[in-house]
Amino acid sequence: MKVEVGGVQEAVVLREAGELRPGRLAVLRKANNLVAGYEGKAFARTSQTMSCLGAETSHWWVNDHKGNLFEELPEGARVVLEQQGEGKAMKVTIEQPGPKLVNGEKLLDGQWAVCRKVRETSSYPQCLGKIFHRIYEQLICLDGQDCGDGRTRSLVFGPSGFNQFDFELLSPGTELKVVL
Amino acid sequence: MRVVIESSGPRLVKSQDVLEGRMAILRSVDGTPSWAALVGKVYYREGHRMVAVPGQGITSGTHCDVGSPAGLDARWEVLPVGSKVILEQEQI
């Protein structure tokens, strides 16, 4: 049995321009004809316009964006405008923060999570990338995952072992795929 | 030997001397209080306009035509190559 961890992501919510608050940063994911070619570009929502950062023709009224779908960037994400040499357009890069990690001690009863960091001194480096869940005072590595040593039985950790791991919480609705 | 370095500060230009796609800081405006409030803000040249980089709290004066506002002696400091303007998403 194999448990696939791939596809573990926060579900991306797409919104119309009018649903974004002024001051928010967003990436155009699905464009209508008016802004065809601007998919993947970073925009800033101003009071009345959507402003494409670093683009030659950059401003559209919010109402012109009906039918366009944007992904709002998460807290901490950055859009960097970098001045290039003469005759070159500004370089625009979108920097997304990595997932928020919580230490195993802070994982709550019933929560599911993917191990993203293992303390260097831990004897369980194979737990990296594996799915865990917290049940009462136990942190259980989901049964069936190959932990790299041919072992497929559950690894169970008590409270003393909790802080060897940092986790990315699985968002509600995440599906786990088990391959037999 | 006595060495004195006298610097005149950054080179300031009119908007028509800001090249396409270049970012520039509005450094001085003579005459109009509403524009004086925009001194220090970052704009970029887009065709015949100077457009404010969003997110600076500018509610009016988000853009102006190159060479305008008429009668104003606005001066801009062009950002050197490699300069970065960073827009960061705040708490949602």
# chains A, B, ... in the order shown; residues from 1 in each chain; ligands from 1
$ select_by_dssp --residues "chain B" --states "alpha helix (DSSP H)" --output "list in words"
Pro33, Ser34, Trp35 and Ala36 of chain B
$ write_last_selection --atoms "N, CA and C atoms" --output "PDB file, in the first residue's frame"
ATOM      1  N   PRO B  33      -0.387  72.580  -3.647  1.00  0.00           N
ATOM      2  CA  PRO B  33      -0.344  71.794  -2.411  1.00  0.00           C
ATOM      3  C   PRO B  33      -0.787  70.348  -2.594  1.00  0.00           C
ATOM      4  N   SER B  34      -1.791  70.118  -3.466  1.00  0.00           N
ATOM      5  CA  SER B  34      -2.281  68.749  -3.616  1.00  0.00           C
ATOM      6  C   SER B  34      -1.195  67.831  -4.172  1.00  0.00           C
ATOM      7  N   TRP B  35      -0.336  68.389  -5.021  1.00  0.00           N
ATOM      8  CA  TRP B  35       0.762  67.585  -5.550  1.00  0.00           C
ATOM      9  C   TRP B  35       1.926  67.528  -4.571  1.00  0.00           C
ATOM     10  N   ALA B  36       2.073  68.534  -3.761  1.00  0.00           N
ATOM     11  CA  ALA B  36       3.161  68.534  -2.779  1.00  0.00           C
ATOM     12  C   ALA B  36       3.040  67.329  -1.843  1.00  0.00           C
TER      13      ALA B  36
END
$ closest_atom_pairs --of "segment 1-119 of chain A" --to "segment 46-55 of chain B" --cutoff "12 Å" --atoms "only C-alpha atoms" --output "CSV"
residue,atom,partner,partner_atom,distance
A:Arg21,CA,B:Gly55,CA,12.0
A:Pro22,CA,B:Gly55,CA,8.8
A:Gly23,CA,B:Gly55,CA,5.8
A:Arg24,CA,B:Gly55,CA,8.4
A:Leu25,CA,B:Gly55,CA,9.2
A:Ala42,CA,B:Pro54,CA,11.7
A:Phe43,CA,B:Pro54,CA,9.3
A:Ala44,CA,B:Pro54,CA,6.5
A:Arg45,CA,B:Pro54,CA,8.0
A:Thr46,CA,B:Pro54,CA,6.8
A:Ser47,CA,B:Pro54,CA,10.0
A:Gln48,CA,B:Pro54,CA,11.6
A:Thr49,CA,B:Pro54,CA,10.1
A:Met50,CA,B:Pro54,CA,9.6
A:Ser51,CA,B:Pro54,CA,7.3
A:Cys52,CA,B:Pro54,CA,9.4
A:Leu53,CA,B:Val53,CA,7.8
A:Gly54,CA,B:Val53,CA,9.0
A:Ala55,CA,B:Glu46,CA,8.5
A:Glu56,CA,B:Glu46,CA,6.1
A:Thr57,CA,B:Glu46,CA,7.4
A:Ser58,CA,B:Glu46,CA,8.5
A:His59,CA,B:Val51,CA,9.4
A:Val79,CA,B:Pro54,CA,11.2
A:Val80,CA,B:Val53,CA,11.3
A:Leu81,CA,B:Val53,CA,9.5
A:Ala89,CA,B:Glu46,CA,10.4
A:Met90,CA,B:Glu46,CA,11.1
$ residues_around --residues "Lys14 of chain B" --least-positions-apart "4" --cutoff "9 Å" --atoms "only C-alpha atoms" --output "PDB file with N, CA and C atoms, in the first residue's frame"
ATOM      1  N   VAL B  18      12.306  61.160 -18.133  1.00  0.00           N
ATOM      2  CA  VAL B  18      12.264  59.816 -17.552  1.00  0.00           C
ATOM      3  C   VAL B  18      11.950  58.837 -18.678  1.00  0.00           C
ATOM      4  N   VAL B  66       2.836  63.254 -18.823  1.00  0.00           N
ATOM      5  CA  VAL B  66       4.223  63.703 -18.866  1.00  0.00           C
ATOM      6  C   VAL B  66       4.245  65.190 -19.212  1.00  0.00           C
ATOM      7  N   GLY B  67       5.021  65.932 -18.496  1.00  0.00           N
ATOM      8  CA  GLY B  67       5.098  67.377 -18.737  1.00  0.00           C
ATOM      9  C   GLY B  67       4.085  68.163 -17.945  1.00  0.00           C
ATOM     10  N   ASP B  73       6.665  72.768 -11.791  1.00  0.00           N
ATOM     11  CA  ASP B  73       8.047  72.452 -12.092  1.00  0.00           C
ATOM     12  C   ASP B  73       8.438  71.205 -11.297  1.00  0.00           C
ATOM     13  N   ALA B  74       7.778  70.117 -11.626  1.00  0.00           N
ATOM     14  CA  ALA B  74       8.045  68.879 -10.895  1.00  0.00           C
ATOM     15  C   ALA B  74       9.410  68.326 -11.286  1.00  0.00           C
ATOM     16  N   ARG B  75      10.084  67.733 -10.307  1.00  0.00           N
ATOM     17  CA  ARG B  75      11.386  67.123 -10.555  1.00  0.00           C
ATOM     18  C   ARG B  75      11.379  65.695 -10.014  1.00  0.00           C
ATOM     19  N   TRP B  76      11.989  64.817 -10.796  1.00  0.00           N
ATOM     20  CA  TRP B  76      11.966  63.396 -10.471  1.00  0.00           C
ATOM     21  C   TRP B  76      13.377  62.863 -10.325  1.00  0.00           C
ATOM     22  N   GLU B  77      13.536  61.952  -9.390  1.00  0.00           N
ATOM     23  CA  GLU B  77      14.810  61.244  -9.237  1.00  0.00           C
ATOM     24  C   GLU B  77      14.619  59.841  -9.801  1.00  0.00           C
TER      25      GLU B  77
END
$ closest_residue --among "A:His65, A:Glu82, A:Arg15, A:Leu28" --to "chain B" --atoms "only C-alpha atoms"
A:Glu82
$ interface_residues --of "chain B" --to "chain A" --cutoff "9 Å" --atoms "only C-alpha atoms" --output "NGL selection string"
:B and (19-23 or 44 or 46-47 or 53-55 or 57 or 59 or 79-92)
$ residues_around --residues "Thr121 of chain A" --least-positions-apart "3" --cutoff "12 Å" --atoms "only C-alpha atoms" --output "compact mmCIF listing (two decimals) with N, CA and C atoms, in the first residue's frame"
# COMPACT_ATOMS: atom_id res chain seq x y z
N LYS A 117 9.70 19.37 8.25
CA LYS A 117 11.05 19.53 8.82
C LYS A 117 11.25 18.49 9.90
N VAL A 118 12.44 17.88 9.89
CA VAL A 118 12.78 16.95 10.97
C VAL A 118 14.04 17.49 11.63
N TYR A 124 14.64 9.89 13.02
CA TYR A 124 13.58 9.57 12.05
C TYR A 124 13.54 10.53 10.86
N PRO A 125 14.67 10.68 10.14
CA PRO A 125 14.68 11.57 8.98
C PRO A 125 13.71 11.09 7.90
N GLY A 161 8.51 13.09 21.82
CA GLY A 161 9.06 13.15 20.47
C GLY A 161 8.42 14.20 19.58
N ASN A 163 8.43 17.44 19.44
CA ASN A 163 9.11 18.63 18.93
C ASN A 163 10.25 18.31 17.96
N GLN A 164 10.40 17.04 17.58
CA GLN A 164 11.40 16.76 16.54
C GLN A 164 10.87 17.08 15.15
N PHE A 165 9.57 17.38 15.04
CA PHE A 165 8.98 17.59 13.71
C PHE A 165 8.26 18.94 13.60
